[in-house]
file start_14.tsv (TSV, C-alpha atoms)
chain	number	residue	atom	x	y	z
T	1	MET	CA	55.63	97.74	92.08
T	2	SER	CA	58.16	94.90	92.26
T	3	ASN	CA	60.64	94.69	95.13
T	4	PRO	CA	64.25	95.08	93.87
T	5	THR	CA	66.47	92.03	94.38
T	6	ALA	CA	69.99	92.23	95.80
T	7	PRO	CA	71.69	92.32	92.36
T	8	ASP	CA	69.26	95.07	91.32
T	9	LEU	CA	70.35	97.11	94.32
T	10	LEU	CA	74.01	96.86	93.34
T	11	ASN	CA	73.01	97.93	89.82
T	12	HIS	CA	71.45	101.12	91.18
T	13	PRO	CA	73.15	103.98	89.23
T	14	ALA	CA	74.44	105.85	92.28
T	15	THR	CA	75.76	102.60	93.72
T	16	ARG	CA	77.50	101.66	90.50
T	17	GLN	CA	79.24	105.05	90.42
T	18	TRP	CA	80.27	104.82	94.08
T	19	ILE	CA	81.69	101.33	93.55
T	20	ALA	CA	83.68	102.46	90.50
T	21	ASP	CA	85.12	105.48	92.34
T	22	THR	CA	85.99	103.43	95.43
T	23	LEU	CA	87.67	100.64	93.46
T	24	LYS	CA	89.80	103.27	91.74
T	25	ARG	CA	90.91	104.76	95.07
T	26	TYR	CA	92.22	101.43	96.32
T	27	ALA	CA	93.80	100.15	93.11
T	28	ASN	CA	97.31	100.62	94.53
T	29	GLY	CA	98.61	97.05	94.71
T	30	ILE	CA	98.14	96.60	98.47
T	31	PHE	CA	95.25	94.20	97.86
T	32	GLY	CA	95.30	91.34	95.40
T	33	GLU	CA	91.59	91.68	94.74
T	34	LEU	CA	88.89	94.27	95.39
T	35	ARG	CA	85.22	93.28	95.54
T	36	PRO	CA	81.98	95.18	96.11
T	37	ALA	CA	79.37	93.61	98.35
T	38	LEU	CA	75.94	94.32	99.75
T	39	ILE	CA	76.28	94.01	103.53
T	40	TRP	CA	72.86	95.21	104.73
T	41	THR	CA	69.36	95.75	103.34
T	42	ASP	CA	66.06	96.80	104.85
T	43	SER	CA	64.55	93.38	104.06
T	44	ARG	CA	61.91	92.31	106.57
T	45	ASP	CA	60.60	89.02	107.90
T	46	GLY	CA	57.03	87.75	107.77
T	47	SER	CA	56.03	89.89	110.76
T	48	GLY	CA	57.38	93.06	109.17
T	49	GLU	CA	60.48	93.31	111.37
T	50	LEU	CA	63.92	94.05	109.92
T	51	ILE	CA	65.84	90.82	109.41
T	52	VAL	CA	69.00	92.62	110.53
T	53	PRO	CA	67.84	95.49	112.78
T	54	VAL	CA	70.72	97.87	112.18
T	55	ASP	CA	70.78	101.65	111.84
T	56	PRO	CA	72.43	101.88	108.39
T	57	GLU	CA	74.01	105.27	109.11
T	58	ALA	CA	75.55	103.95	112.34
T	59	LEU	CA	76.86	100.91	110.48
T	60	VAL	CA	78.47	103.04	107.76
T	61	ASN	CA	79.98	105.47	110.26
T	62	ARG	CA	81.46	102.64	112.30
T	63	ILE	CA	83.01	100.88	109.31
T	64	ASN	CA	84.42	104.07	107.82
T	65	ALA	CA	85.84	105.31	111.13
T	66	GLU	CA	88.23	102.42	111.80
T	67	PRO	CA	89.63	99.33	110.06
T	68	HIS	CA	87.40	96.26	109.97
T	69	ILE	CA	89.37	93.11	109.28
T	70	LEU	CA	87.74	90.27	107.35
T	71	LEU	CA	88.35	87.00	109.17
T	72	HIS	CA	88.19	83.46	107.83
T	73	ASP	CA	85.74	81.39	109.90
T	74	HIS	CA	85.62	84.19	112.52
T	75	ASP	CA	89.20	83.41	113.58
T	76	PRO	CA	91.06	86.56	114.82
T	77	GLY	CA	94.33	84.93	113.76
T	78	ALA	CA	93.24	84.35	110.14
T	79	PRO	CA	92.87	87.69	108.32
T	80	ILE	CA	91.93	87.63	104.67
T	81	GLY	CA	91.33	91.32	104.00
T	82	GLN	CA	89.54	94.46	105.10
T	83	VAL	CA	86.25	96.26	104.70
T	84	LEU	CA	87.67	99.40	103.09
T	85	GLU	CA	84.67	101.71	102.78
T	86	SER	CA	80.90	101.54	102.92
T	87	ALA	CA	78.00	103.76	101.87
T	88	HIS	CA	74.27	104.00	102.57
T	89	PHE	CA	71.89	104.22	99.61
T	90	ARG	CA	68.16	104.73	99.11
T	91	THR	CA	66.34	103.91	95.87
T	92	ASP	CA	63.56	105.98	94.29
T	93	THR	CA	61.09	103.42	95.64
T	94	GLY	CA	62.40	103.82	99.19
T	95	ARG	CA	64.52	100.68	99.53
T	96	GLN	CA	67.57	101.20	101.78
T	97	PHE	CA	70.82	99.25	101.68
T	98	VAL	CA	74.52	99.48	102.57
T	99	THR	CA	77.24	98.64	100.08
T	100	ALA	CA	80.91	98.08	100.91
T	101	VAL	CA	84.15	97.40	99.09
T	102	PHE	CA	86.32	94.57	100.40
T	103	GLY	CA	90.07	94.30	99.81
T	104	TYR	CA	91.68	90.83	99.88
T	105	TYR	CA	95.35	90.45	100.82
T	106	ALA	CA	96.10	87.33	98.77
T	107	GLY	CA	98.11	88.38	95.72
T	108	GLY	CA	98.73	91.91	97.02
T	109	GLU	CA	101.60	93.66	98.79
T	110	VAL	CA	102.51	91.69	101.92
T	111	LEU	CA	105.47	92.75	104.08
T	112	THR	CA	107.41	90.36	106.29
T	113	PHE	CA	108.62	91.42	109.73
T	114	ALA	CA	112.21	91.23	108.52
T	115	ALA	CA	111.45	93.39	105.47
T	116	ALA	CA	109.82	95.94	107.77
T	117	GLY	CA	112.99	96.06	109.89
T	118	LEU	CA	111.33	94.19	112.74
T	119	GLY	CA	113.33	90.98	112.88
T	120	ASN	CA	113.55	89.12	116.19
T	121	LYS	CA	115.84	91.11	118.49
T	122	GLY	CA	115.23	89.15	121.67
T	123	PRO	CA	112.98	89.76	124.67
T	124	VAL	CA	112.01	93.22	125.89
T	125	ARG	CA	112.23	93.99	129.61
T	126	SER	CA	109.04	94.67	131.54
T	127	PRO	CA	108.75	98.21	132.95
T	128	SER	CA	110.20	98.70	136.43
T	129	ARG	CA	107.26	100.84	137.57
T	130	LEU	CA	103.65	101.49	136.56
T	131	PRO	CA	101.03	104.00	137.78
T	132	GLU	CA	98.02	103.15	139.90
T	133	LEU	CA	95.09	101.72	137.95
T	134	PRO	CA	92.38	104.29	137.19
T	135	GLY	CA	89.23	103.89	139.24
T	136	ALA	CA	87.05	103.53	136.14
T	137	ALA	CA	88.89	100.45	134.81
T	138	TRP	CA	86.60	97.62	133.67
T	139	ILE	CA	86.54	94.37	131.67
T	140	GLN	CA	84.45	93.59	128.60
T	141	PHE	CA	83.59	89.91	128.21
T	142	ALA	CA	82.25	88.94	124.78
T	143	THR	CA	81.07	85.54	123.54
T	144	ASP	CA	78.48	84.11	121.17
T	145	PRO	CA	75.89	82.38	123.41
T	146	ARG	CA	75.46	79.67	120.77
T	147	GLU	CA	79.12	78.75	121.29
T	148	VAL	CA	79.70	79.45	125.00
T	149	SER	CA	77.04	78.93	127.65
T	150	GLU	CA	75.95	81.63	130.05
T	151	ALA	CA	76.70	79.27	132.94
T	152	TRP	CA	80.36	79.01	131.95
T	153	VAL	CA	80.66	82.78	131.56
T	154	ASP	CA	79.03	83.23	134.97
T	155	ALA	CA	81.56	80.88	136.54
T	156	VAL	CA	84.66	82.59	135.14
T	157	CYS	CA	83.36	86.11	135.76
T	158	VAL	CA	82.46	85.54	139.40
T	159	GLY	CA	84.92	87.30	141.68
T	160	ALA	CA	86.33	89.43	138.85
T	161	PRO	CA	88.35	92.29	140.40
T	162	LEU	CA	86.85	94.87	138.02
T	163	ARG	CA	83.35	95.60	136.76
T	164	VAL	CA	82.51	93.19	133.93
T	165	GLU	CA	80.43	94.33	130.98
T	166	ARG	CA	79.11	91.33	129.07
T	167	THR	CA	78.53	91.63	125.33
T	168	GLU	CA	77.17	89.15	122.80
T	169	LEU	CA	79.11	88.30	119.68
T	170	SER	CA	77.16	86.94	116.73
T	171	HIS	CA	78.92	84.80	114.18
T	172	ASN	CA	75.83	83.93	112.15
T	173	ALA	CA	76.73	80.28	112.48
T	174	ASP	CA	74.54	77.76	114.31
T	175	ASP	CA	77.27	75.11	114.33
T	176	SER	CA	80.61	76.88	114.77
T	177	THR	CA	83.74	74.73	115.04
T	178	ARG	CA	85.39	77.27	117.36
T	179	GLU	CA	84.45	79.04	120.57
T	180	LEU	CA	85.73	82.61	120.52
T	181	ILE	CA	86.06	84.21	123.95
T	182	ARG	CA	87.11	87.86	123.76
T	183	ILE	CA	87.92	89.98	126.75
T	184	GLY	CA	88.62	93.68	126.53
T	185	ILE	CA	90.91	95.02	129.23
T	186	MET	CA	93.18	98.05	129.63
T	187	TYR	CA	96.84	97.57	128.80
T	188	LEU	CA	98.47	98.29	132.18
T	189	PRO	CA	97.41	95.10	134.02
T	190	VAL	CA	98.43	92.96	131.02
T	191	LEU	CA	101.86	94.63	131.08
T	192	TRP	CA	102.35	94.26	134.85
T	193	ASN	CA	105.03	91.72	135.79
T	194	PRO	CA	104.71	90.56	139.42
T	195	PHE	CA	108.45	89.84	139.64
T	196	VAL	CA	109.69	93.10	138.09
T	197	THR	CA	107.18	95.93	138.16
T	198	ALA	CA	106.61	98.11	141.23
T	199	ILE	CA	103.41	100.02	142.05
T	200	GLY	CA	103.31	103.10	144.25
T	201	THR	CA	101.05	101.72	146.99
T	202	GLU	CA	100.20	98.33	148.45
T	203	ALA	CA	96.57	98.83	147.46
T	204	GLY	CA	97.68	99.56	143.90
T	205	LYS	CA	99.84	96.44	143.83
T	206	ALA	CA	96.94	94.38	145.16
T	207	ALA	CA	94.68	95.66	142.36
T	208	TYR	CA	97.19	94.60	139.69
T	209	ALA	CA	97.74	91.24	141.39
T	210	ALA	CA	93.99	90.55	141.54
T	211	ILE	CA	93.59	91.09	137.79
T	212	HIS	CA	96.70	88.98	137.12
T	213	ASP	CA	95.24	86.12	139.18
T	214	TRP	CA	91.82	86.44	137.53
T	215	LEU	CA	93.42	86.18	134.09
T	216	ARG	CA	95.16	82.99	135.24
T	217	LYS	CA	91.78	81.58	136.31
T	218	LEU	CA	90.35	82.46	132.90
T	219	PHE	CA	93.28	80.82	131.07
T	220	LEU	CA	92.84	77.62	133.10
T	221	GLY	CA	89.08	77.71	132.56
T	222	LEU	CA	89.63	77.09	128.84
T	223	ALA	CA	90.23	73.43	129.73
T	224	ASP	CA	86.44	73.11	130.14
T	225	ARG	CA	85.74	74.27	126.60
T	226	ARG	CA	85.52	72.24	123.38
T	227	ASN	CA	87.70	74.20	120.95
T	228	PRO	CA	88.35	77.65	122.43
T	229	ILE	CA	90.19	80.71	121.16
T	230	LEU	CA	90.83	83.29	123.87
T	231	ASP	CA	91.40	86.83	122.60
T	232	VAL	CA	92.85	89.17	125.23
T	233	HIS	CA	91.92	92.42	123.52
T	234	THR	CA	93.61	95.69	124.56
T	235	HIS	CA	95.12	98.94	123.22
T	236	VAL	CA	98.51	100.61	123.39
T	237	ASN	CA	99.51	103.89	121.74
T	238	ASP	CA	96.34	103.95	119.56
T	239	CYS	CA	96.96	100.40	118.36
T	240	GLN	CA	94.56	97.54	119.06
T	241	VAL	CA	96.56	94.59	120.41
T	242	SER	CA	95.26	91.03	120.73
T	243	PHE	CA	96.89	88.05	122.42
T	244	LEU	CA	95.39	84.81	121.08
T	245	LEU	CA	95.51	81.54	122.97
T	246	ARG	CA	94.09	78.35	121.45
T	247	GLY	CA	93.09	74.95	122.78
T	248	LYS	CA	92.63	73.52	126.26
T	249	ASP	CA	96.08	72.31	127.37
T	250	ILE	CA	96.51	73.46	130.99
T	251	SER	CA	100.32	73.32	131.10
T	252	ARG	CA	100.51	75.37	127.90
T	253	HIS	CA	98.03	77.91	129.25
T	254	ILE	CA	100.01	78.33	132.47
T	255	ALA	CA	103.12	79.08	130.39
T	256	ALA	CA	101.12	81.53	128.26
T	257	HIS	CA	99.80	83.35	131.31
T	258	ASP	CA	103.20	83.59	133.01
T	259	SER	CA	104.85	84.98	129.88
T	260	LEU	CA	102.03	87.38	128.92
T	261	PRO	CA	103.62	90.48	130.59
T	262	GLY	CA	106.78	89.98	128.55
T	263	ALA	CA	104.74	89.68	125.36
T	264	ALA	CA	102.89	92.88	126.27
T	265	ALA	CA	106.20	94.71	126.74
T	266	GLN	CA	107.40	93.38	123.38
T	267	ALA	CA	104.15	94.49	121.70
T	268	GLU	CA	104.53	98.04	123.03
T	269	HIS	CA	108.13	98.09	121.78
T	270	LEU	CA	107.07	96.81	118.35
T	271	VAL	CA	104.37	99.48	117.98
T	272	ALA	CA	106.93	102.17	118.91
T	273	ASN	CA	109.47	100.80	116.40
T	274	LEU	CA	106.89	100.86	113.64
T	275	LYS	CA	105.98	104.44	114.44
T	276	ALA	CA	109.66	105.42	114.31
T	277	ARG	CA	109.73	103.98	110.78
T	278	ARG	CA	106.63	106.03	109.88
T	279	MET	CA	104.55	102.86	109.73
T	280	VAL	CA	101.66	103.47	112.09
T	281	ALA	CA	100.15	100.25	113.46
T	282	ARG	CA	96.38	100.07	113.84
T	283	GLN	CA	96.09	96.40	114.82
T	284	LEU	CA	98.66	93.94	116.18
T	285	VAL	CA	97.97	90.26	116.89
T	286	TYR	CA	100.16	87.93	118.93
T	287	GLU	CA	99.70	84.16	119.18
T	288	PHE	CA	101.14	81.61	121.60
T	289	GLU	CA	103.33	79.01	119.91
T	290	ARG	CA	102.30	75.64	121.28
T	291	ASP	CA	105.66	73.86	120.88
T	292	ALA	CA	108.19	76.59	121.69
T	293	LEU	CA	105.84	78.03	124.37
T	294	VAL	CA	106.49	81.64	123.38
T	295	TRP	CA	104.33	84.55	122.24
T	296	TYR	CA	105.10	85.75	118.71
T	297	PRO	CA	103.69	88.52	116.47
T	298	SER	CA	101.32	86.95	113.97
T	299	TYR	CA	100.42	90.05	111.96
T	300	VAL	CA	100.20	93.83	111.99
T	301	ILE	CA	97.71	95.99	110.10
T	302	LEU	CA	99.06	99.45	109.25
T	303	ASP	CA	96.97	102.59	108.91
T	304	ASP	CA	97.64	102.61	105.15
T	305	HIS	CA	95.95	99.15	104.99
T	306	ARG	CA	99.18	97.18	104.44
T	307	ILE	CA	99.71	93.96	106.37
T	308	ILE	CA	102.95	92.68	107.93
T	309	THR	CA	103.11	88.93	108.51
T	310	ASP	CA	105.45	85.98	108.11
T	311	HIS	CA	102.49	83.63	107.63
T	312	ILE	CA	101.37	83.98	104.03
T	313	SER	CA	99.19	80.89	104.48
T	314	LEU	CA	96.87	83.02	106.64
T	315	LEU	CA	95.98	85.04	103.57
T	316	ALA	CA	95.54	82.39	100.90
T	317	ILE	CA	91.75	82.61	100.63
T	318	GLU	CA	90.60	82.96	97.03
T	319	LYS	CA	86.83	82.86	97.48
T	320	LEU	CA	84.60	84.88	99.74
T	321	PRO	CA	83.85	82.62	102.73
T	322	LYS	CA	80.25	81.71	103.39
T	323	GLU	CA	80.69	82.73	107.03
T	324	LEU	CA	82.31	86.14	107.19
T	325	SER	CA	82.96	88.13	110.33
T	326	LEU	CA	83.00	91.92	110.24
T	327	GLY	CA	84.22	92.04	113.83
T	328	LEU	CA	81.12	93.74	115.21
T	329	THR	CA	79.21	92.90	118.37
T	330	ARG	CA	75.60	93.21	119.45
T	331	GLY	CA	76.66	96.03	121.73
T	332	ASP	CA	77.79	98.14	118.80
T	333	PHE	CA	74.34	98.39	117.26
T	334	GLU	CA	72.20	96.19	119.53
T	335	THR	CA	72.23	93.68	116.69
T	336	PRO	CA	74.33	90.76	115.44
T	337	ALA	CA	77.25	91.18	113.09
T	338	MET	CA	76.40	90.49	109.48
T	339	LYS	CA	77.70	88.51	106.58
T	340	PRO	CA	77.48	89.92	103.04
T	341	ALA	CA	74.06	89.49	101.50
T	342	VAL	CA	75.46	89.38	98.00
T	343	THR	CA	78.77	89.92	96.20
T	344	ASP	CA	79.75	90.79	92.68
T	345	ASP	CA	79.77	87.05	91.90
T	346	ASP	CA	75.98	87.14	92.15
T	347	LEU	CA	75.84	89.67	89.32
T	348	ASN	CA	77.51	87.38	86.81
call {"tool": "encode", "arguments": {"input": "start_14.tsv", "output": "structure tokens"}}
result
Amino acid sequence: MSNPTAPDLLNHPATRQWIADTLKRYANGIFGELRPALIWTDSRDGSGELIVPVDPEALVNRINAEPHILLHDHDPGAPIGQVLESAHFRTDTGRQFVTAVFGYYAGGEVLTFAAAGLGNKGPVRSPSRLPELPGAAWIQFATDPREVSEAWVDAVCVGAPLRVERTELSHNADDSTRELIRIGIMYLPVLWNPFVTAIGTEAGKAAYAAIHDWLRKLFLGLADRRNPILDVHTHVNDCQVSFLLRGKDISRHIAAHDSLPGAAAQAEHLVANLKARRMVARQLVYEFERDALVWYPSYVILDDHRIITDHISLLAIEKLPKELSLGLTRGDFETPAMKPAVTDDDLN
């Protein structure tokens, strides 16, 4: 019996019906274009091993549980859409595959910060007091080893004041033009301002100060990279918040580090303001402006899938990129992130 090709899999009757129903659910104007895609199959290599060794049910559950932003060239500051839903299918012959529907922002409903009632209202004060750090606090350090060497990661992680869990990203690109360095850290030490914020004990203050100093070392360490993007990845009030820093200019990175607590306070305020307007934020991204030397909100993803941004150019991607990041890591499924195996264009 012949082995079904990727287009044949998308033509599977149950898949066709699921795609039609899903497209109908999201035909609300938020996205300029909706596309189905095949994002995983049980295809195997010459030795009989899965080419992408993923548990399809785990993949589907992860995608459907939280937003997965589609990024252009794996850049966290360049969103082009979202993976809206996915489903796991099995053919009568036993083939397994996962289909998803992507929504692209270009041409859809895009809010500006002013239209959302979030115009620039000046800086937000750092909190005057914070609690002690919990004993279980830790840092996740994620890179693609094809972009960033283990030796460099070893050097910047040595002496870290918290336990470091290292995770591999996989961008499915052997010659990436960027080096993404993502650290996951709890929000409190990012928010702590050494000139304003008090901690209950000297030991507690020392813990905050150690993380603050380690972050400064990491920021300065970017000068040794080729074309880095640092993503300080944290959460506040159920919203994922990222602070993106690009390039290798030391003076700029010092300014970014010193002003990070103020940006964190502003981010918390912005998330609260959105919630007060019944616009629940799921993801908020700040970037550091290289000329004005200030942190600014680049975009917000709301829980109803809408995007808020003043940078429409971020969204002007008309074709599905060859290299597409689903924002997954090896640690999620002990496997690399994937790019779509086939899209609806392949059916034409």
call {"tool": "closest_residue", "arguments": {"input": "start_14.tsv", "among": "T:Leu133, T:Gly94, T:Trp138, T:Trp40", "to": "Pro53 of chain T", "atoms": "all atoms listed in the file"}}
result
T:Trp40
call {"tool": "closest_residue", "arguments": {"input": "start_14.tsv", "among": "T:Tyr105, T:Pro228, T:Ala136, T:Leu38", "to": "Ala78 of chain T", "atoms": "all atoms listed in the file"}}
result
T:Tyr105
call {"tool": "closest_residue", "arguments": {"input": "start_14.tsv", "among": "T:Tyr26, T:Phe89, T:Tyr286, T:Tyr187", "to": "Pro131 of chain T", "atoms": "all atoms listed in the file"}}
result
T:Tyr187
call {"tool": "residues_near_point", "arguments": {"input": "start_14.tsv", "point": "(87.7, 88.6, 134.9)", "cutoff": "12 Å", "atoms": "all atoms listed in the file", "output": "count of residues only"}}
result
38
call {"tool": "atom_distance", "arguments": {"input": "start_14.tsv", "atom1": "atom CA of Glu109 of chain T", "atom2": "atom CA of Gln283 of chain T"}}
result
17.2 Å
call {"tool": "residues_around", "arguments": {"input": "start_14.tsv", "residues": "Phe195 of chain T", "least_positions_apart": "2", "cutoff": "10 Å", "atoms": "all atoms listed in the file", "output": "number ranges by chain"}}
result
T: 126, 128, 192-193, 197-198
call {"tool": "atom_distance", "arguments": {"input": "start_14.tsv", "atom1": "atom CA of Thr309 of chain T", "atom2": "atom CA of Ala27 of chain T"}}
result
21.2 Å
call {"tool": "atom_distance", "arguments": {"input": "start_14.tsv", "atom1": "atom CA of Tyr104 of chain T", "atom2": "atom CA of Glu179 of chain T"}}
result
24.9 Å
call {"tool": "axis_aligned_box", "arguments": {"input": "start_14.tsv", "around": "segment 296-304 of chain T", "padding_each_side": "5 Å", "output": "AutoDock Vina command-line options"}}
result
--center_x 101.0 --center_y 94.2 --center_z 111.9 --size_x 18.1 --size_y 26.9 --size_z 23.6
call {"tool": "residues_near_point", "arguments": {"input": "start_14.tsv", "point": "(95.8, 84.4, 113.5)", "cutoff": "8 Å", "atoms": "only C-alpha atoms", "output": "PDB file with C-alpha atoms, keeping the file's coordinate frame"}}
result
ATOM      1  CA  ASP T  75      89.200  83.410 113.580  1.00  0.00           C
ATOM      2  CA  PRO T  76      91.060  86.560 114.820  1.00  0.00           C
ATOM      3  CA  GLY T  77      94.330  84.930 113.760  1.00  0.00           C
ATOM      4  CA  ALA T  78      93.240  84.350 110.140  1.00  0.00           C
ATOM      5  CA  PRO T  79      92.870  87.690 108.320  1.00  0.00           C
ATOM      6  CA  LEU T 244      95.390  84.810 121.080  1.00  0.00           C
ATOM      7  CA  VAL T 285      97.970  90.260 116.890  1.00  0.00           C
ATOM      8  CA  TYR T 286     100.160  87.930 118.930  1.00  0.00           C
ATOM      9  CA  GLU T 287      99.700  84.160 119.180  1.00  0.00           C
ATOM     10  CA  SER T 298     101.320  86.950 113.970  1.00  0.00           C
ATOM     11  CA  TYR T 299     100.420  90.050 111.960  1.00  0.00           C
ATOM     12  CA  LEU T 314      96.870  83.020 106.640  1.00  0.00           C
TER      13      LEU T 314
END
call {"tool": "decode", "arguments": {"input": "start_14.tsv", "residues": "segment 62-76 of chain T", "atoms": "N, CA, C and O atoms", "output": "PDB file, in the first residue's frame"}}
result
ATOM      1  N   ARG T  62      -0.166  21.121  24.242  1.00  0.00           N
ATOM      2  CA  ARG T  62       0.617  22.318  24.527  1.00  0.00           C
ATOM      3  C   ARG T  62       0.156  23.495  23.673  1.00  0.00           C
ATOM      4  O   ARG T  62      -0.021  24.610  24.164  1.00  0.00           O
ATOM      5  N   ILE T  63      -0.027  23.275  22.396  1.00  0.00           N
ATOM      6  CA  ILE T  63      -0.446  24.359  21.506  1.00  0.00           C
ATOM      7  C   ILE T  63      -1.826  24.870  21.876  1.00  0.00           C
ATOM      8  O   ILE T  63      -2.086  26.076  21.894  1.00  0.00           O
ATOM      9  N   ASN T  64      -2.744  23.959  22.203  1.00  0.00           N
ATOM     10  CA  ASN T  64      -4.120  24.375  22.478  1.00  0.00           C
ATOM     11  C   ASN T  64      -4.294  24.969  23.867  1.00  0.00           C
ATOM     12  O   ASN T  64      -5.316  25.595  24.152  1.00  0.00           O
ATOM     13  N   ALA T  65      -3.302  24.786  24.744  1.00  0.00           N
ATOM     14  CA  ALA T  65      -3.431  25.279  26.116  1.00  0.00           C
ATOM     15  C   ALA T  65      -3.039  26.740  26.257  1.00  0.00           C
ATOM     16  O   ALA T  65      -3.495  27.424  27.177  1.00  0.00           O
ATOM     17  N   GLU T  66      -2.178  27.251  25.379  1.00  0.00           N
ATOM     18  CA  GLU T  66      -1.701  28.623  25.514  1.00  0.00           C
ATOM     19  C   GLU T  66      -1.323  29.161  24.140  1.00  0.00           C
ATOM     20  O   GLU T  66      -1.047  28.393  23.218  1.00  0.00           O
ATOM     21  N   PRO T  67      -1.310  30.505  24.002  1.00  0.00           N
ATOM     22  CA  PRO T  67      -0.996  31.077  22.685  1.00  0.00           C
ATOM     23  C   PRO T  67       0.415  30.722  22.230  1.00  0.00           C
ATOM     24  O   PRO T  67       1.346  30.686  23.039  1.00  0.00           O
ATOM     25  N   HIS T  68       0.562  30.435  20.948  1.00  0.00           N
ATOM     26  CA  HIS T  68       1.873  30.219  20.359  1.00  0.00           C
ATOM     27  C   HIS T  68       2.021  31.212  19.211  1.00  0.00           C
ATOM     28  O   HIS T  68       1.355  31.112  18.191  1.00  0.00           O
ATOM     29  N   ILE T  69       2.909  32.184  19.420  1.00  0.00           N
ATOM     30  CA  ILE T  69       3.081  33.253  18.452  1.00  0.00           C
ATOM     31  C   ILE T  69       3.993  32.771  17.323  1.00  0.00           C
ATOM     32  O   ILE T  69       5.019  32.131  17.564  1.00  0.00           O
ATOM     33  N   LEU T  70       3.620  33.080  16.092  1.00  0.00           N
ATOM     34  CA  LEU T  70       4.458  32.815  14.934  1.00  0.00           C
ATOM     35  C   LEU T  70       5.422  33.979  14.765  1.00  0.00           C
ATOM     36  O   LEU T  70       5.006  35.134  14.719  1.00  0.00           O
ATOM     37  N   LEU T  71       6.705  33.677  14.688  1.00  0.00           N
ATOM     38  CA  LEU T  71       7.740  34.697  14.626  1.00  0.00           C
ATOM     39  C   LEU T  71       8.454  34.659  13.278  1.00  0.00           C
ATOM     40  O   LEU T  71       8.743  33.574  12.758  1.00  0.00           O
ATOM     41  N   HIS T  72       8.743  35.818  12.740  1.00  0.00           N
ATOM     42  CA  HIS T  72       9.517  35.904  11.508  1.00  0.00           C
ATOM     43  C   HIS T  72      10.995  35.745  11.832  1.00  0.00           C
ATOM     44  O   HIS T  72      11.550  36.483  12.653  1.00  0.00           O
ATOM     45  N   ASP T  73      11.646  34.758  11.213  1.00  0.00           N
ATOM     46  CA  ASP T  73      13.066  34.503  11.401  1.00  0.00           C
ATOM     47  C   ASP T  73      13.412  34.292  12.874  1.00  0.00           C
ATOM     48  O   ASP T  73      14.484  34.690  13.328  1.00  0.00           O
ATOM     49  N   HIS T  74      12.496  33.707  13.639  1.00  0.00           N
ATOM     50  CA  HIS T  74      12.704  33.357  15.047  1.00  0.00           C
ATOM     51  C   HIS T  74      12.944  34.571  15.936  1.00  0.00           C
ATOM     52  O   HIS T  74      13.499  34.443  17.022  1.00  0.00           O
ATOM     53  N   ASP T  75      12.519  35.741  15.489  1.00  0.00           N
ATOM     54  CA  ASP T  75      12.766  36.985  16.236  1.00  0.00           C
ATOM     55  C   ASP T  75      11.590  37.260  17.169  1.00  0.00           C
ATOM     56  O   ASP T  75      10.475  37.492  16.694  1.00  0.00           O
ATOM     57  N   PRO T  76      11.787  37.258  18.505  1.00  0.00           N
ATOM     58  CA  PRO T  76      10.670  37.493  19.434  1.00  0.00           C
ATOM     59  C   PRO T  76      10.028  38.867  19.283  1.00  0.00           C
ATOM     60  O   PRO T  76       8.928  39.081  19.779  1.00  0.00           O
TER      61      PRO T  76
END
